[in-house]
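Some notes on the structure that comes next.
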Amino acid sequence: MLRNDQTSRNDRMVRNTEPKPAEPVIARANQAVRQRFPFDDTQDLEDARRGFMGTARESVISGADGRSVWDLGAYGFLGQDCPDTAHPSLWRQSRLVSDHGLFEVVEGIYQVRGFDLSNMTLVEGERGVFVIDPLISAETAAAALALYRSHRGDRPVTGVLYTHSHIDHFGGVHGVVSDEEVAAGLPVIAPQGFLAHAVSENVYAGTAMARRAAYMYGAALPKGARGQIGAGLGQTTSTGSVGLIPPTLDITRTGQTETVDGIRMVFQLTPGTEAPAELNIHFPDHAALCMAENATHNLHNLLTLRGAQVRDPRVWAQYLTEAIELFADSSDVAFASHHWPVWGRERALTFLSVQRDLYAYLHDQTLRMLNQGLTPLEIAERIELPPALERAWHTHGYYGSVSHNTKAVYQRYLGWFDGNPAHLWEHPPVEAARRYVEFMGGAEEVLRRARRSYEAGDFRWVAQVVNHVVFAEPDNAAARALQADALEQLGYGSENGTWRNFYLTGALELREGPIGTPTTSSSPDLLGALTLPQLCDALAIRVDGPRSWDADITVRWNLTDGPPLTLRLRNGVLTHVTGRGPAAAEPDVGITLDEATLRAVLLGVTGPAELTARTDVEVTGDLGKVTELLGHLAAPDPDFAIVTP
């Protein structure tokens, strides 16, 4: 039994639930951040306040039962200097995102920001107003619409558009229109596939997602310097009534145009980016581009922590390139369903280009390291953004992060399994934790106890725990031998053939060393079947990012049997563009040739220097740039270690 004084001390510890101050090491680290980044850059602050027209008089938005579903004044503390208990960069972002009110984007286009996790955009038509993305809750959406009308007149809603299938972009629809109005002909527009994805995401795994979302958005935390200060994409989620009115008009193709209430819109479908069903919108009469949630002022999630399908950063980057191609020359402002707009044609182009490079870099570098044998945890620890990307505030990981996004890329391509058979059938966490405690005491003690477990037939535990010894001391022959024995026994007991093969191959390499890779997936037939864009993608994931951070090389291939293809290496990202649009930078070298010759060069069959001897090839500019570009490609390692470091 505990003595009375010990019991009293433990009781005090349990009852002491107040947040504690930052430890000195955290305080010093947060202070150091101020020296790393340009906190004196006020452009975002100016943009976030530009066009402000006013906000609601009442700070609390309540539901029908009187319960608060949103408090506009909850983040007033962010006006103070950042304390040691918060990362200064996140504090800065939260301060920007917490600004609330009605803002003019351009004449005729307005946004209500800070009334929910997302923005509501309102576009004025001939008779009324067209609503884009009516927030999460009916209560916040109604309050946002009321704020707009208080400044712009009591215009009727003449249409609704959902940019994508996440709940913060449709859940508040009943706050702006009724089912009866839609039944009477009011259009509700959405991208093809919206309904299926919106329903499946919020029903199939809805309970688990909601539970995890409570953690993700800090719903139970007090708001303050030692509590919840925001979520990066927005401050938090409203807690009002969620609804859904099915779309009456689907957008089925890029280039589709629709006119609602005199408002002309040109659409770009972007499935598989931030959502499985998503679109961007260009307003030609306003020279304005709505990027939905595909380009925001932070690094977004490739796999949100609440849980979702893994998003495709390769496709995401390609659609950003396409948006530049389609709309950059005719857009004076780019805005999104979160955060604040970017004004000016050149600034918008730069913003979209850097966002594109951000997702492409994470994709390509994760694939490069994955093909060199690095595991998700190793990739997440090793990857660094190019300095040019890191310097931009809108690339920071406020909502997504470089760490968990690289793990998401790994998961998308290879799943949860890192290829090490020791991880194929591990004990679950609790059982493993009990055994870890028992096995503490250093390598010798672990091996002594592991041999006892082996003798008891607990091969799963032996493989799981001895794997740590092998990775800590790869030259420990006793550990390698015991691990091989355990894997072998597990292989023998496996009903599944592929499990058996993994276990037994692992045992073989532990005993005899690497055996190489007997098979290859890069056969000539497969390489020949790649489309030219696929071949360019295959090269992009081989770029050695850190070694090419400072490179800026553009090569234009003028195909005699197809449209021109431009390759540009910049910010550690190899981008390919078909045609001569604004995304195709001026080249350092232009080469006229046919596609077969180009393929031979890109596959390494024909060297760049050999092109000068060809009568059917014309070179203008510095041919050495091709050699330099190809020199930034790293070869994958088909024989990387699996059961050893």
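Ordering of the structure tokens sets the chain letters (A, B, ...), residue numbers begin anew at 1 in every chain, and ligands are numbered from 1 in the order given.
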All helix (DSSP H, G or I) positions in segment 181-326 of chain A, as an NGL selection string: :A and (181-183 or 194-203 or 206-216 or 313-326)
Give me a file of those residues, with C-alpha atoms, as a PDB file, in the first residue's frame.
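Just written: out-v9.pdb:
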ATOM      1  CA  GLU A 181     -36.852  26.064 -54.404  1.00  0.00           C
ATOM      2  CA  VAL A 182     -34.641  23.412 -55.964  1.00  0.00           C
ATOM      3  CA  ALA A 183     -37.675  21.338 -56.943  1.00  0.00           C
ATOM      4  CA  PHE A 194     -20.063  14.265 -56.250  1.00  0.00           C
ATOM      5  CA  LEU A 195     -23.063  12.565 -54.736  1.00  0.00           C
ATOM      6  CA  ALA A 196     -21.569   9.084 -54.540  1.00  0.00           C
ATOM      7  CA  HIS A 197     -18.403  10.338 -52.872  1.00  0.00           C
ATOM      8  CA  ALA A 198     -20.128  12.798 -50.558  1.00  0.00           C
ATOM      9  CA  VAL A 199     -22.413  10.065 -49.265  1.00  0.00           C
ATOM     10  CA  SER A 200     -19.865   7.264 -49.044  1.00  0.00           C
ATOM     11  CA  GLU A 201     -17.280   9.324 -47.178  1.00  0.00           C
ATOM     12  CA  ASN A 202     -19.711  10.497 -44.564  1.00  0.00           C
ATOM     13  CA  VAL A 203     -21.641   7.235 -44.102  1.00  0.00           C
ATOM     14  CA  GLY A 206     -18.537   8.322 -40.885  1.00  0.00           C
ATOM     15  CA  THR A 207     -18.532   7.338 -37.224  1.00  0.00           C
ATOM     16  CA  ALA A 208     -14.820   6.694 -37.106  1.00  0.00           C
ATOM     17  CA  MET A 209     -14.069   9.831 -39.121  1.00  0.00           C
ATOM     18  CA  ALA A 210     -16.189  11.974 -36.842  1.00  0.00           C
ATOM     19  CA  ARG A 211     -14.490  10.587 -33.745  1.00  0.00           C
ATOM     20  CA  ARG A 212     -11.062  11.228 -35.223  1.00  0.00           C
ATOM     21  CA  ALA A 213     -12.154  14.642 -36.465  1.00  0.00           C
ATOM     22  CA  ALA A 214     -12.807  15.583 -32.856  1.00  0.00           C
ATOM     23  CA  TYR A 215      -9.130  15.061 -32.243  1.00  0.00           C
ATOM     24  CA  MET A 216      -8.109  16.642 -35.548  1.00  0.00           C
ATOM     25  CA  PRO A 313      -0.302  14.260 -55.588  1.00  0.00           C
ATOM     26  CA  ARG A 314       0.847  13.385 -59.119  1.00  0.00           C
ATOM     27  CA  VAL A 315      -2.623  14.030 -60.507  1.00  0.00           C
ATOM     28  CA  TRP A 316      -3.008  17.030 -58.208  1.00  0.00           C
ATOM     29  CA  ALA A 317       0.122  18.621 -59.666  1.00  0.00           C
ATOM     30  CA  GLN A 318      -0.945  17.820 -63.215  1.00  0.00           C
ATOM     31  CA  TYR A 319      -4.316  19.497 -62.732  1.00  0.00           C
ATOM     32  CA  LEU A 320      -2.590  22.594 -61.375  1.00  0.00           C
ATOM     33  CA  THR A 321      -0.474  22.651 -64.525  1.00  0.00           C
ATOM     34  CA  GLU A 322      -3.662  22.294 -66.563  1.00  0.00           C
ATOM     35  CA  ALA A 323      -5.297  25.154 -64.651  1.00  0.00           C
ATOM     36  CA  ILE A 324      -2.308  27.349 -65.510  1.00  0.00           C
ATOM     37  CA  GLU A 325      -2.600  26.317 -69.143  1.00  0.00           C
ATOM     38  CA  LEU A 326      -6.315  26.996 -69.319  1.00  0.00           C
TER      39      LEU A 326
END
Test item: residues at most 9 Å from segment 120-129 of chain A, only C-alpha atoms, excluding those fewer than 3 positions along its chain, as a count of residues only: 31
For segment 470-476 of chain A: contacts at 12 Å, only C-alpha atoms, fewer than 6 positions along chain excluded, given as a VMD selection string: chain A and resid 420 422 442 to 444 446 to 447 462 to 464 482 to 484 510 to 511 513 641 to 645
With C-alpha atoms retained, could you export that selection as a short mmCIF file (atom, residue, chain, number, x, y, z; two decimals), in the first residue's frame?
data_model
loop_
_atom_site.label_atom_id
_atom_site.label_comp_id
_atom_site.auth_asym_id
_atom_site.auth_seq_id
_atom_site.Cartn_x
_atom_site.Cartn_y
_atom_site.Cartn_z
CA ASN A 420 10.09 -6.53 -44.24
CA ALA A 422 9.21 -9.28 -39.69
CA GLY A 442 19.88 -4.68 -23.83
CA ALA A 443 20.72 -6.87 -26.81
CA GLU A 444 22.09 -9.78 -24.81
CA VAL A 446 16.70 -9.50 -25.47
CA LEU A 447 18.33 -12.40 -27.26
CA VAL A 462 10.77 -13.45 -31.72
CA ALA A 463 10.54 -11.94 -35.21
CA GLN A 464 9.07 -8.72 -33.89
CA LEU A 482 17.76 -16.28 -34.45
CA GLN A 483 15.71 -13.94 -36.63
CA ALA A 484 16.21 -16.21 -39.63
CA LEU A 510 19.73 -13.06 -43.17
CA ARG A 511 21.80 -16.22 -43.46
CA GLY A 513 23.30 -12.03 -47.59
CA ALA A 641 18.06 -4.14 -48.10
CA ILE A 642 14.81 -5.31 -46.53
CA VAL A 643 15.51 -7.44 -43.48
CA THR A 644 18.60 -5.43 -42.55
CA PRO A 645 19.23 -1.66 -42.42
#
Residue neighbourhood segment 234-244 of chain A, 10 Å, only C-alpha atoms, exclusion window fewer than 3 positions, as an MDAnalysis selection string: chainID A and resid 61:64 67:71 74:75 93:99 113:119 135:141 167:168 170:175 179 195 198:199 213:214 216:219 228:231 247 338:339 398:399
Those of segment 366-585 of chain A in DSSP strand (DSSP E), formatted as a ChimeraX atom specification: /A:552-559,565-570,573-578
Point-to-point distance in Å for atom CA of Val342 of chain A and atom CA of Ala408 of chain A: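 Computed distance, atom CA of Ala408 of chain A to atom CA of Val342 of chain A, equals 28.7 Å.
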Shell of 9 Å around segment 543-560 of chain A, only C-alpha atoms, local chain residues under 3 positions omitted, as a PyMOL selection string: chain A and resi 361+364-365+368+383-388+539-540+563-574+584-595+598+625-626+628-635
Straight-line distance linking atom CA of Asp637 of chain A with atom CA of Asn371 of chain A, stated in Å to one decimal: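 Between atom CA of Asp637 of chain A and atom CA of Asn371 of chain A the gap works out to 6.2 Å.
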Atom-to-atom span, atom CA of Asp40 of chain A and atom CA of Arg382 of chain A, Å: 29.5 Å
Glu390 of chain A environment, 12 Å, only C-alpha atoms, sequence neighbours closer than 5 positions dropped, as a list in words: Arg36, Phe37, Pro38, Asn298, Leu299, Val354, Gln355, Asp357, Leu358, Tyr361, Glu384, Leu385, Thr395, His396, Gly397, Val402, Trp549 and Asn571 of chain A
Using the selection just defined, write its residues with N, CA and C atoms as a compact mmCIF listing (two decimals), in the first residue's frame.
# COMPACT_ATOMS: atom_id res chain seq x y z
N ARG A 36 14.11 32.10 -38.82
CA ARG A 36 14.18 31.29 -40.05
C ARG A 36 13.32 31.83 -41.16
N PHE A 37 12.20 32.46 -40.81
CA PHE A 37 11.21 32.82 -41.83
C PHE A 37 10.91 34.32 -41.80
N PRO A 38 10.41 34.85 -42.93
CA PRO A 38 10.23 36.31 -43.06
C PRO A 38 8.95 36.81 -42.40
N ASN A 298 -1.64 26.79 -47.70
CA ASN A 298 -0.89 25.83 -46.88
C ASN A 298 -0.67 24.56 -47.69
N LEU A 299 0.19 23.71 -47.18
CA LEU A 299 0.32 22.36 -47.71
C LEU A 299 -0.89 21.57 -47.24
N VAL A 354 4.01 27.36 -57.73
CA VAL A 354 4.69 26.86 -56.53
C VAL A 354 3.84 25.79 -55.84
N GLN A 355 2.52 26.00 -55.79
CA GLN A 355 1.66 24.95 -55.24
C GLN A 355 1.82 23.66 -56.05
N ASP A 357 4.44 22.69 -57.80
CA ASP A 357 5.75 22.11 -57.53
C ASP A 357 5.79 21.43 -56.16
N LEU A 358 5.05 21.98 -55.21
CA LEU A 358 5.01 21.42 -53.86
C LEU A 358 4.50 19.98 -53.88
N TYR A 361 6.80 17.65 -55.97
CA TYR A 361 8.05 17.32 -55.29
C TYR A 361 7.84 16.22 -54.25
N GLU A 384 13.39 16.83 -47.43
CA GLU A 384 13.41 18.27 -47.18
C GLU A 384 12.85 18.97 -48.40
N LEU A 385 12.13 20.05 -48.18
CA LEU A 385 11.65 20.84 -49.29
C LEU A 385 12.78 21.70 -49.85
N THR A 395 3.33 27.20 -48.57
CA THR A 395 3.73 25.79 -48.68
C THR A 395 3.88 25.13 -47.32
N HIS A 396 3.69 25.87 -46.25
CA HIS A 396 3.95 25.33 -44.92
C HIS A 396 2.88 24.32 -44.51
N GLY A 397 3.28 23.42 -43.65
CA GLY A 397 2.41 22.30 -43.28
C GLY A 397 1.47 22.63 -42.15
N VAL A 402 4.65 17.63 -44.43
CA VAL A 402 5.58 16.86 -45.26
C VAL A 402 5.70 15.45 -44.71
N TRP A 549 18.02 21.30 -56.43
CA TRP A 549 17.26 22.44 -55.93
C TRP A 549 17.55 23.72 -56.72
N ASN A 571 13.08 23.86 -58.99
CA ASN A 571 12.65 23.55 -57.63
C ASN A 571 12.70 22.06 -57.35
Closest of A:Ser401, A:Thr273, A:Asn294, A:Thr505 to Leu490 of chain A - atom-to-atom distances counting only C-alpha atoms: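 Nearest candidate to Leu490 of chain A out of A:Ser401, A:Thr273, A:Asn294, A:Thr505: A:Thr505.
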